[in-house]
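Enquirer: Just entry-v4.cif, nothing more (mmCIF, C-alpha atoms):
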```cif
data_coords
#
loop_
_atom_site.group_PDB
_atom_site.id
_atom_site.type_symbol
_atom_site.label_atom_id
_atom_site.label_comp_id
_atom_site.auth_asym_id
_atom_site.auth_seq_id
_atom_site.Cartn_x
_atom_site.Cartn_y
_atom_site.Cartn_z
ATOM 1 C CA MET A 1 -1.144 17.006 -15.621
ATOM 2 C CA ASP A 2 -4.397 15.096 -15.148
ATOM 3 C CA ALA A 3 -5.036 12.093 -12.916
ATOM 4 C CA ALA A 4 -4.933 9.622 -15.819
ATOM 5 C CA GLU A 5 -1.412 10.731 -16.719
ATOM 6 C CA VAL A 6 -0.308 10.446 -13.083
ATOM 7 C CA ARG A 7 -1.677 6.904 -12.963
ATOM 8 C CA ARG A 8 0.177 5.969 -16.161
ATOM 9 C CA ILE A 9 3.469 7.352 -14.835
ATOM 10 C CA ASN A 10 3.127 5.525 -11.535
ATOM 11 C CA GLN A 11 2.083 2.288 -13.213
ATOM 12 C CA GLU A 12 5.175 2.353 -15.425
ATOM 13 C CA GLY A 13 7.292 3.545 -12.520
ATOM 14 C CA TRP A 14 6.471 0.498 -10.424
ATOM 15 C CA ASP A 15 7.291 -1.729 -13.387
ATOM 16 C CA ARG A 16 10.736 -0.094 -13.389
ATOM 17 C CA ARG A 17 11.055 -0.529 -9.648
ATOM 18 C CA VAL A 18 10.574 -4.253 -10.113
ATOM 19 C CA ALA A 19 13.424 -4.255 -12.626
ATOM 20 C CA SER A 20 15.643 -2.419 -10.122
ATOM 21 C CA ARG A 21 14.599 -4.774 -7.269
ATOM 22 C CA ASP A 22 13.052 -2.197 -4.992
ATOM 23 C CA ILE A 23 12.591 -3.778 -1.551
ATOM 24 C CA TRP A 24 8.792 -3.826 -1.978
ATOM 25 C CA THR A 25 9.039 -5.793 -5.224
ATOM 26 C CA VAL A 26 11.152 -8.746 -4.060
ATOM 27 C CA PRO A 27 9.031 -11.893 -3.534
ATOM 28 C CA VAL A 28 9.087 -13.832 -0.285
ATOM 29 C CA SER A 29 11.133 -17.023 -0.108
ATOM 30 C CA ARG A 30 10.014 -20.652 -0.208
ATOM 31 C CA GLU A 31 10.833 -20.829 3.499
ATOM 32 C CA VAL A 32 8.429 -17.990 4.322
ATOM 33 C CA ILE A 33 5.633 -19.723 2.406
ATOM 34 C CA ALA A 34 6.353 -23.076 4.071
ATOM 35 C CA ALA A 35 6.225 -21.441 7.504
ATOM 36 C CA ALA A 36 2.937 -19.713 6.642
ATOM 37 C CA ARG A 37 1.419 -23.045 5.654
ATOM 38 C CA ALA A 38 2.422 -24.327 9.103
ATOM 39 C CA GLY A 39 0.737 -21.366 10.799
ATOM 40 C CA ASP A 40 3.840 -19.247 11.403
ATOM 41 C CA TRP A 41 3.406 -16.031 9.425
ATOM 42 C CA LYS A 42 3.259 -12.258 9.565
ATOM 43 C CA VAL A 43 2.439 -9.441 7.116
ATOM 44 C CA VAL A 44 3.134 -5.716 7.140
ATOM 45 C CA LEU A 45 1.108 -2.665 6.159
ATOM 46 C CA THR A 46 4.032 -0.360 7.015
ATOM 47 C CA PRO A 47 7.818 -0.872 6.732
ATOM 48 C CA ASN A 48 8.647 -2.627 10.009
ATOM 49 C CA ARG A 49 5.822 -3.383 12.375
ATOM 50 C CA PRO A 50 3.877 -6.600 11.747
ATOM 51 C CA VAL A 51 0.110 -6.272 11.678
ATOM 52 C CA PRO A 52 -1.334 -7.622 14.951
ATOM 53 C CA ARG A 53 -2.837 -11.032 14.345
ATOM 54 C CA SER A 54 -5.899 -9.855 16.268
ATOM 55 C CA TRP A 55 -6.491 -7.311 13.476
ATOM 56 C CA LEU A 56 -6.649 -10.109 10.906
ATOM 57 C CA GLY A 57 -8.443 -12.772 12.886
ATOM 58 C CA GLU A 58 -8.769 -16.213 11.315
ATOM 59 C CA VAL A 59 -7.876 -15.859 7.647
ATOM 60 C CA ARG A 60 -8.393 -19.461 6.576
ATOM 61 C CA GLY A 61 -11.280 -19.693 4.138
ATOM 62 C CA ARG A 62 -11.858 -15.936 4.012
ATOM 63 C CA ASP A 63 -11.944 -13.826 0.841
ATOM 64 C CA ILE A 64 -9.140 -11.248 1.016
ATOM 65 C CA LEU A 65 -8.364 -8.441 -1.415
ATOM 66 C CA GLY A 66 -4.756 -7.228 -1.527
ATOM 67 C CA LEU A 67 -5.465 -3.672 -2.673
ATOM 68 C CA ALA A 68 -2.504 -2.062 -4.489
ATOM 69 C CA SER A 69 -0.541 -4.845 -2.841
ATOM 70 C CA GLY A 70 1.488 -6.524 -5.595
ATOM 71 C CA GLY A 71 5.089 -7.605 -5.267
ATOM 72 C CA GLY A 72 4.934 -11.244 -4.225
ATOM 73 C CA GLN A 73 4.872 -10.547 -0.508
ATOM 74 C CA GLN A 74 1.663 -10.149 1.506
ATOM 75 C CA GLY A 75 -0.732 -11.878 -0.913
ATOM 76 C CA PRO A 76 1.180 -15.151 -1.172
ATOM 77 C CA VAL A 77 1.684 -15.296 2.609
ATOM 78 C CA LEU A 78 -2.037 -14.881 3.254
ATOM 79 C CA ALA A 79 -2.820 -17.472 0.573
ATOM 80 C CA ALA A 80 -0.394 -19.918 2.183
ATOM 81 C CA ALA A 81 -2.134 -19.262 5.506
ATOM 82 C CA GLY A 82 -5.370 -20.515 3.926
ATOM 83 C CA ALA A 83 -7.135 -17.391 2.643
ATOM 84 C CA ARG A 84 -8.709 -17.010 -0.785
ATOM 85 C CA VAL A 85 -6.622 -14.084 -2.023
ATOM 86 C CA THR A 86 -7.056 -11.668 -4.910
ATOM 87 C CA VAL A 87 -4.135 -9.306 -5.527
ATOM 88 C CA PHE A 88 -5.136 -6.086 -7.294
ATOM 89 C CA ASP A 89 -2.399 -3.761 -8.516
ATOM 90 C CA ALA A 90 -1.713 -1.268 -11.311
ATOM 91 C CA SER A 91 1.710 -2.708 -12.141
ATOM 92 C CA ALA A 92 1.845 -5.792 -14.354
ATOM 93 C CA ALA A 93 5.402 -6.434 -13.191
ATOM 94 C CA GLN A 94 4.342 -6.352 -9.541
ATOM 95 C CA LEU A 95 1.523 -8.798 -10.223
ATOM 96 C CA ALA A 96 3.989 -11.044 -12.050
ATOM 97 C CA GLN A 97 5.903 -11.365 -8.774
ATOM 98 C CA ASP A 98 2.801 -12.733 -7.044
ATOM 99 C CA GLU A 99 2.123 -15.086 -9.936
ATOM 100 C CA ALA A 100 5.715 -16.337 -9.814
ATOM 101 C CA VAL A 101 5.429 -17.194 -6.106
ATOM 102 C CA ALA A 102 2.092 -18.924 -6.709
ATOM 103 C CA ARG A 103 3.617 -21.098 -9.464
ATOM 104 C CA ARG A 104 6.760 -21.832 -7.473
ATOM 105 C CA ASP A 105 4.948 -22.874 -4.309
ATOM 106 C CA GLY A 106 1.679 -24.253 -5.636
ATOM 107 C CA LEU A 107 -0.560 -21.512 -4.279
ATOM 108 C CA THR A 108 -4.018 -20.582 -5.489
ATOM 109 C CA LEU A 109 -3.917 -16.834 -6.056
ATOM 110 C CA THR A 110 -5.896 -14.516 -8.333
ATOM 111 C CA CYS A 111 -4.132 -11.480 -9.816
ATOM 112 C CA ILE A 112 -6.027 -8.619 -11.469
ATOM 113 C CA GLN A 113 -4.562 -5.434 -12.905
ATOM 114 C CA GLY A 114 -6.247 -2.120 -12.160
ATOM 115 C CA PHE A 115 -6.109 1.165 -10.277
ATOM 116 C CA MET A 116 -7.017 1.418 -6.608
ATOM 117 C CA HIS A 117 -9.715 4.072 -7.096
ATOM 118 C CA ASP A 118 -11.729 1.825 -9.441
ATOM 119 C CA LEU A 119 -12.759 -1.611 -8.192
ATOM 120 C CA SER A 120 -15.467 -2.102 -10.807
ATOM 121 C CA ALA A 121 -13.895 -5.479 -11.594
ATOM 122 C CA PHE A 122 -15.555 -6.718 -8.385
ATOM 123 C CA ALA A 123 -19.173 -7.034 -7.389
ATOM 124 C CA SER A 124 -20.366 -5.331 -4.239
ATOM 125 C CA GLU A 125 -19.777 -7.278 -1.012
ATOM 126 C CA SER A 126 -17.171 -9.607 -2.545
ATOM 127 C CA PHE A 127 -14.577 -9.665 0.255
ATOM 128 C CA ASP A 128 -14.278 -10.267 3.989
ATOM 129 C CA LEU A 129 -11.061 -8.305 4.391
ATOM 130 C CA ILE A 130 -9.050 -5.730 2.421
ATOM 131 C CA PHE A 131 -5.296 -5.498 2.957
ATOM 132 C CA HIS A 132 -4.078 -2.106 1.704
ATOM 133 C CA PRO A 133 -0.404 -1.429 2.527
ATOM 134 C CA VAL A 134 1.151 2.021 2.110
ATOM 135 C CA SER A 135 0.270 2.840 -1.491
ATOM 136 C CA ASN A 136 -2.299 5.621 -1.607
ATOM 137 C CA THR A 137 0.591 8.084 -1.554
ATOM 138 C CA TYR A 138 0.649 7.439 -5.323
ATOM 139 C CA ALA A 139 -2.984 8.551 -5.776
ATOM 140 C CA PRO A 140 -3.927 12.238 -6.159
ATOM 141 C CA ASP A 141 -7.361 11.651 -4.579
ATOM 142 C CA ILE A 142 -8.048 8.916 -2.032
ATOM 143 C CA ALA A 143 -11.751 9.468 -1.298
ATOM 144 C CA PRO A 144 -12.698 7.082 -4.170
ATOM 145 C CA VAL A 145 -10.369 4.446 -2.711
ATOM 146 C CA TRP A 146 -12.259 4.409 0.585
ATOM 147 C CA ARG A 147 -15.660 4.446 -1.119
ATOM 148 C CA GLU A 148 -14.775 1.522 -3.377
ATOM 149 C CA ALA A 149 -13.267 -0.409 -0.468
ATOM 150 C CA SER A 150 -16.507 0.003 1.459
ATOM 151 C CA ARG A 151 -18.564 -1.115 -1.536
ATOM 152 C CA VAL A 152 -16.677 -4.366 -2.142
ATOM 153 C CA LEU A 153 -16.484 -5.347 1.533
ATOM 154 C CA ARG A 154 -19.192 -7.470 3.088
ATOM 155 C CA PRO A 155 -21.034 -6.191 6.173
ATOM 156 C CA GLY A 156 -18.829 -6.950 9.157
ATOM 157 C CA GLY A 157 -15.752 -6.852 6.930
ATOM 158 C CA THR A 158 -12.419 -5.255 7.768
ATOM 159 C CA LEU A 159 -10.212 -2.742 5.959
ATOM 160 C CA LEU A 160 -6.554 -2.716 7.025
ATOM 161 C CA ALA A 161 -4.729 0.292 5.593
ATOM 162 C CA GLY A 162 -1.237 1.739 5.870
ATOM 163 C CA PHE A 163 -0.352 5.291 4.884
ATOM 164 C CA MET A 164 2.340 7.928 5.172
ATOM 165 C CA ASN A 165 2.519 10.488 7.953
ATOM 166 C CA PRO A 166 1.798 13.747 6.064
ATOM 167 C CA ILE A 167 4.559 15.529 8.004
ATOM 168 C CA VAL A 168 7.096 13.600 5.896
ATOM 169 C CA TYR A 169 6.279 15.825 2.956
ATOM 170 C CA ILE A 170 7.077 19.224 4.482
ATOM 171 C CA PHE A 171 10.830 18.668 4.037
ATOM 172 C CA ASP A 172 13.011 19.436 1.034
ATOM 173 C CA ALA A 173 13.917 15.987 -0.358
ATOM 174 C CA GLU A 174 17.309 17.001 -1.737
ATOM 175 C CA ALA A 175 18.384 18.638 1.533
ATOM 176 C CA GLU A 176 17.117 15.596 3.450
ATOM 177 C CA ALA A 177 19.289 13.340 1.284
ATOM 178 C CA ARG A 178 22.267 15.407 2.528
ATOM 179 C CA GLY A 179 21.197 14.927 6.138
ATOM 180 C CA ARG A 180 19.553 18.345 6.556
ATOM 181 C CA PHE A 181 15.903 18.845 7.472
ATOM 182 C CA GLU A 182 14.648 21.995 5.806
ATOM 183 C CA VAL A 183 10.952 22.828 5.874
ATOM 184 C CA ARG A 184 9.960 23.732 2.324
ATOM 185 C CA HIS A 185 6.497 22.511 1.332
ATOM 186 C CA ARG A 186 2.980 23.332 2.429
ATOM 187 C CA LEU A 187 0.594 20.461 3.021
ATOM 188 C CA PRO A 188 -1.057 18.637 1.411
ATOM 189 C CA TYR A 189 1.931 18.100 -0.852
ATOM 190 C CA SER A 190 1.939 17.159 -4.544
ATOM 191 C CA ASP A 191 4.955 16.202 -6.665
ATOM 192 C CA ILE A 192 3.413 17.955 -9.654
ATOM 193 C CA GLN A 193 2.359 21.233 -8.058
ATOM 194 C CA GLY A 194 4.658 24.154 -8.842
ATOM 195 C CA ARG A 195 6.906 22.127 -11.147
ATOM 196 C CA THR A 196 7.410 22.599 -14.879
ATOM 197 C CA PRO A 197 6.938 19.607 -17.211
ATOM 198 C CA GLU A 198 10.734 19.395 -17.486
ATOM 199 C CA GLU A 199 11.133 19.323 -13.702
ATOM 200 C CA ILE A 200 8.468 16.633 -13.387
ATOM 201 C CA ALA A 201 10.220 14.542 -16.062
ATOM 202 C CA ALA A 202 13.520 14.857 -14.167
ATOM 203 C CA LEU A 203 11.813 13.817 -10.921
ATOM 204 C CA VAL A 204 10.247 10.756 -12.550
ATOM 205 C CA ALA A 205 13.577 9.813 -14.114
ATOM 206 C CA ARG A 206 15.115 9.845 -10.636
ATOM 207 C CA ASP A 207 12.332 8.413 -8.458
ATOM 208 C CA HIS A 208 10.214 6.539 -11.074
ATOM 209 C CA THR A 209 6.931 7.641 -9.479
ATOM 210 C CA LEU A 210 4.960 10.710 -8.402
ATOM 211 C CA GLU A 211 3.775 11.084 -4.805
ATOM 212 C CA PHE A 212 1.039 12.998 -3.026
ATOM 213 C CA SER A 213 0.512 13.627 0.652
ATOM 214 C CA HIS A 214 -2.967 13.422 2.137
ATOM 215 C CA THR A 215 -4.208 15.026 5.312
ATOM 216 C CA LEU A 216 -5.148 12.914 8.302
ATOM 217 C CA GLU A 217 -8.686 14.170 7.720
ATOM 218 C CA ALA A 218 -8.582 12.587 4.250
ATOM 219 C CA GLN A 219 -6.918 9.402 5.486
ATOM 220 C CA ILE A 220 -8.896 8.722 8.652
ATOM 221 C CA GLY A 221 -11.897 10.986 8.197
ATOM 222 C CA GLY A 222 -12.178 9.719 4.636
ATOM 223 C CA GLN A 223 -12.649 6.199 5.940
ATOM 224 C CA THR A 224 -15.358 7.240 8.376
ATOM 225 C CA ASP A 225 -17.042 9.279 5.621
ATOM 226 C CA ALA A 226 -17.151 6.066 3.559
ATOM 227 C CA GLY A 227 -19.003 4.347 6.402
ATOM 228 C CA PHE A 228 -16.159 2.688 8.281
ATOM 229 C CA LEU A 229 -15.673 2.596 12.042
ATOM 230 C CA ILE A 230 -12.026 2.961 13.131
ATOM 231 C CA ALA A 231 -11.200 0.135 15.530
ATOM 232 C CA GLY A 232 -7.394 0.210 15.667
ATOM 233 C CA PHE A 233 -4.391 2.445 15.008
ATOM 234 C CA TYR A 234 -0.598 2.257 15.245
ATOM 235 C CA GLU A 235 2.489 4.110 14.010
ATOM 236 C CA ASP A 236 5.757 2.891 12.466
ATOM 237 C CA VAL A 237 9.110 4.183 11.231
ATOM 238 C CA ASP A 238 11.164 3.715 8.075
ATOM 239 C CA LEU A 239 13.102 0.538 7.484
ATOM 240 C CA GLY A 240 15.856 -0.071 10.013
ATOM 241 C CA PRO A 241 17.108 -0.891 12.530
ATOM 242 C CA PRO A 242 18.201 1.429 13.980
ATOM 243 C CA PRO A 243 15.842 4.269 13.094
ATOM 244 C CA ALA A 244 17.705 6.666 10.837
ATOM 245 C CA GLY A 245 17.079 10.010 9.219
ATOM 246 C CA ARG A 246 13.591 11.351 9.809
ATOM 247 C CA SER A 247 12.599 8.215 11.743
ATOM 248 C CA ARG A 248 14.804 9.407 14.603
ATOM 249 C CA TYR A 249 12.363 12.256 15.140
ATOM 250 C CA PHE A 250 8.854 11.097 14.309
ATOM 251 C CA PRO A 251 6.894 8.073 13.025
ATOM 252 C CA THR A 252 6.786 8.120 9.250
ATOM 253 C CA CYS A 253 3.878 5.715 8.673
ATOM 254 C CA MET A 254 0.554 4.842 10.250
ATOM 255 C CA ALA A 255 -1.946 2.013 10.001
ATOM 256 C CA THR A 256 -5.642 1.714 10.727
ATOM 257 C CA ARG A 257 -8.070 -1.119 11.274
ATOM 258 C CA ALA A 258 -11.544 -0.108 10.068
ATOM 259 C CA LEU A 259 -14.774 -2.085 10.273
ATOM 260 C CA LYS A 260 -17.743 -1.979 7.926
ATOM 261 C CA PRO A 261 -20.926 -2.201 10.023
#
```
Have the structure of the file written as structure tokens, please.
Expert:
Amino acid sequence: MDAAEVRRINQEGWDRRVASRDIWTVPVSREVIAAARAGDWKVVLTPNRPVPRSWLGEVRGRDILGLASGGGQQGPVLAAAGARVTVFDASAAQLAQDEAVARRDGLTLTCIQGFMHDLSAFASESFDLIFHPVSNTYAPDIAPVWREASRVLRPGGTLLAGFMNPIVYIFDAEAEARGRFEVRHRLPYSDIQGRTPEEIAALVARDHTLEFSHTLEAQIGGQTDAGFLIAGFYEDVDLGPPPAGRSRYFPTCMATRALKP
């Protein structure tokens, strides 16, 4: 299966997740937008832990790209806080959630459909900040994501990125669903490696999307290779509280703050 087919499956899969009201597809409320307009707001790159406001700085009047960040959540909040926001996502249904919040609450928000590895829709040095929540787990290769992010950021700009802890992917998913942690997979992991077309089809029917783990060298070293300087890091766990399943044993997600010199 080539990368184009993976992208098509994941694009359609997120459309289906919107229909099933996945937690990352449910738009924020009017009350959240009203509070953001009054200066009381927070956004997340990972499931639980809000991004430190010091990582974002003053957002009012800044050009922000929500990279693979559809769903009517982070983009509208940042727009309500005064930023000029563009939400870029592969899923038309996810972008429709952002557009619905913008119409409902009178926000100015630009939505563009596309894949995270290809930001050719934007000129170089178009944005002051990129907000990239956990989403590159759906991309087979993330080096182009970092290169494109660097290209479209202005000098002095900031890339905020969330990503999965690669250790998550060593476990057998079916055994984990039964409460057992059985080491099965070598890293980096791929949903399509070692599976027949029929097995992949069954997986997509169950989970909607295909996932890929990436090494910390690819996640963090990939950013520095693209010219970024890492200026912040934190870890997070799955949605709770309290931490359940694998989150009882290790952080499942990470986030970085990277600066473009």
Enquirer: Where does the PyMOL selection byres ((chain A and resi 234-250) around 10) land in this file, that is, which residues does it pick, as a list in words?
Expert: Leu45, Thr46, Pro47, Asn48, Arg49, Pro50, Val51, Pro52, Gly162, Phe163, Met164, Asn165, Ile167, Val168, Phe171, Glu176, Ala177, Gly179, Arg180, Phe181, Gly232, Phe233, Pro251, Thr252, Cys253, Met254, Ala255, Thr256 and Arg257 of chain A
Enquirer: Quick one: write out the picked residues with C-alpha atoms as a PDB file, in the coordinates of the input?
Expert:
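Result went into result38.pdb, see below:
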```
ATOM      1  CA  LEU A  45       1.108  -2.665   6.159  1.00  0.00           C
ATOM      2  CA  THR A  46       4.032  -0.360   7.015  1.00  0.00           C
ATOM      3  CA  PRO A  47       7.818  -0.872   6.732  1.00  0.00           C
ATOM      4  CA  ASN A  48       8.647  -2.627  10.009  1.00  0.00           C
ATOM      5  CA  ARG A  49       5.822  -3.383  12.375  1.00  0.00           C
ATOM      6  CA  PRO A  50       3.877  -6.600  11.747  1.00  0.00           C
ATOM      7  CA  VAL A  51       0.110  -6.272  11.678  1.00  0.00           C
ATOM      8  CA  PRO A  52      -1.334  -7.622  14.951  1.00  0.00           C
ATOM      9  CA  GLY A 162      -1.237   1.739   5.870  1.00  0.00           C
ATOM     10  CA  PHE A 163      -0.352   5.291   4.884  1.00  0.00           C
ATOM     11  CA  MET A 164       2.340   7.928   5.172  1.00  0.00           C
ATOM     12  CA  ASN A 165       2.519  10.488   7.953  1.00  0.00           C
ATOM     13  CA  ILE A 167       4.559  15.529   8.004  1.00  0.00           C
ATOM     14  CA  VAL A 168       7.096  13.600   5.896  1.00  0.00           C
ATOM     15  CA  PHE A 171      10.830  18.668   4.037  1.00  0.00           C
ATOM     16  CA  GLU A 176      17.117  15.596   3.450  1.00  0.00           C
ATOM     17  CA  ALA A 177      19.289  13.340   1.284  1.00  0.00           C
ATOM     18  CA  GLY A 179      21.197  14.927   6.138  1.00  0.00           C
ATOM     19  CA  ARG A 180      19.553  18.345   6.556  1.00  0.00           C
ATOM     20  CA  PHE A 181      15.903  18.845   7.472  1.00  0.00           C
ATOM     21  CA  GLY A 232      -7.394   0.210  15.667  1.00  0.00           C
ATOM     22  CA  PHE A 233      -4.391   2.445  15.008  1.00  0.00           C
ATOM     23  CA  PRO A 251       6.894   8.073  13.025  1.00  0.00           C
ATOM     24  CA  THR A 252       6.786   8.120   9.250  1.00  0.00           C
ATOM     25  CA  CYS A 253       3.878   5.715   8.673  1.00  0.00           C
ATOM     26  CA  MET A 254       0.554   4.842  10.250  1.00  0.00           C
ATOM     27  CA  ALA A 255      -1.946   2.013  10.001  1.00  0.00           C
ATOM     28  CA  THR A 256      -5.642   1.714  10.727  1.00  0.00           C
ATOM     29  CA  ARG A 257      -8.070  -1.119  11.274  1.00  0.00           C
TER      30      ARG A 257
END
```
Enquirer: Name all residues at most 7 Å from A:Val26 (count all atoms listed in the file; drop same-chain ones fewer than 5 positions away) and give them as a list in words.
Expert: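 Skipping anything fewer than 5 positions along the chain leaves Arg21, Gly71 and Gly72 of chain A.
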Enquirer: Write out as a list in words each polymer residue whose atoms come within 6 Å of stretch 139-155 of chain A, counting all atoms listed in the file; drop sequence neighbours fewer than 2 positions from it.
Expert: Met116, His117, Ser124, Glu125, Ser126, Phe127, Asp128, Asn136, Thr137, Gly157, Phe212, Gly222, Gln223, Ala226, Lys260 and Pro261 of chain A
Enquirer: With all atoms listed in the file as the basis for distance, which of A:Pro27, A:Gly156, A:Gly221, A:Gly66 is at the shortest distance from A:Val134?
Expert: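 Of the candidates, the smallest distance to A:Val134 is held by A:Gly66.
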Enquirer: Quick one, how far is atom CA of A:Pro166 from atom CA of A:Ala3?
Expert: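 For atom CA of A:Pro166 relative to atom CA of A:Ala3, the distance reads 20.2 Å.
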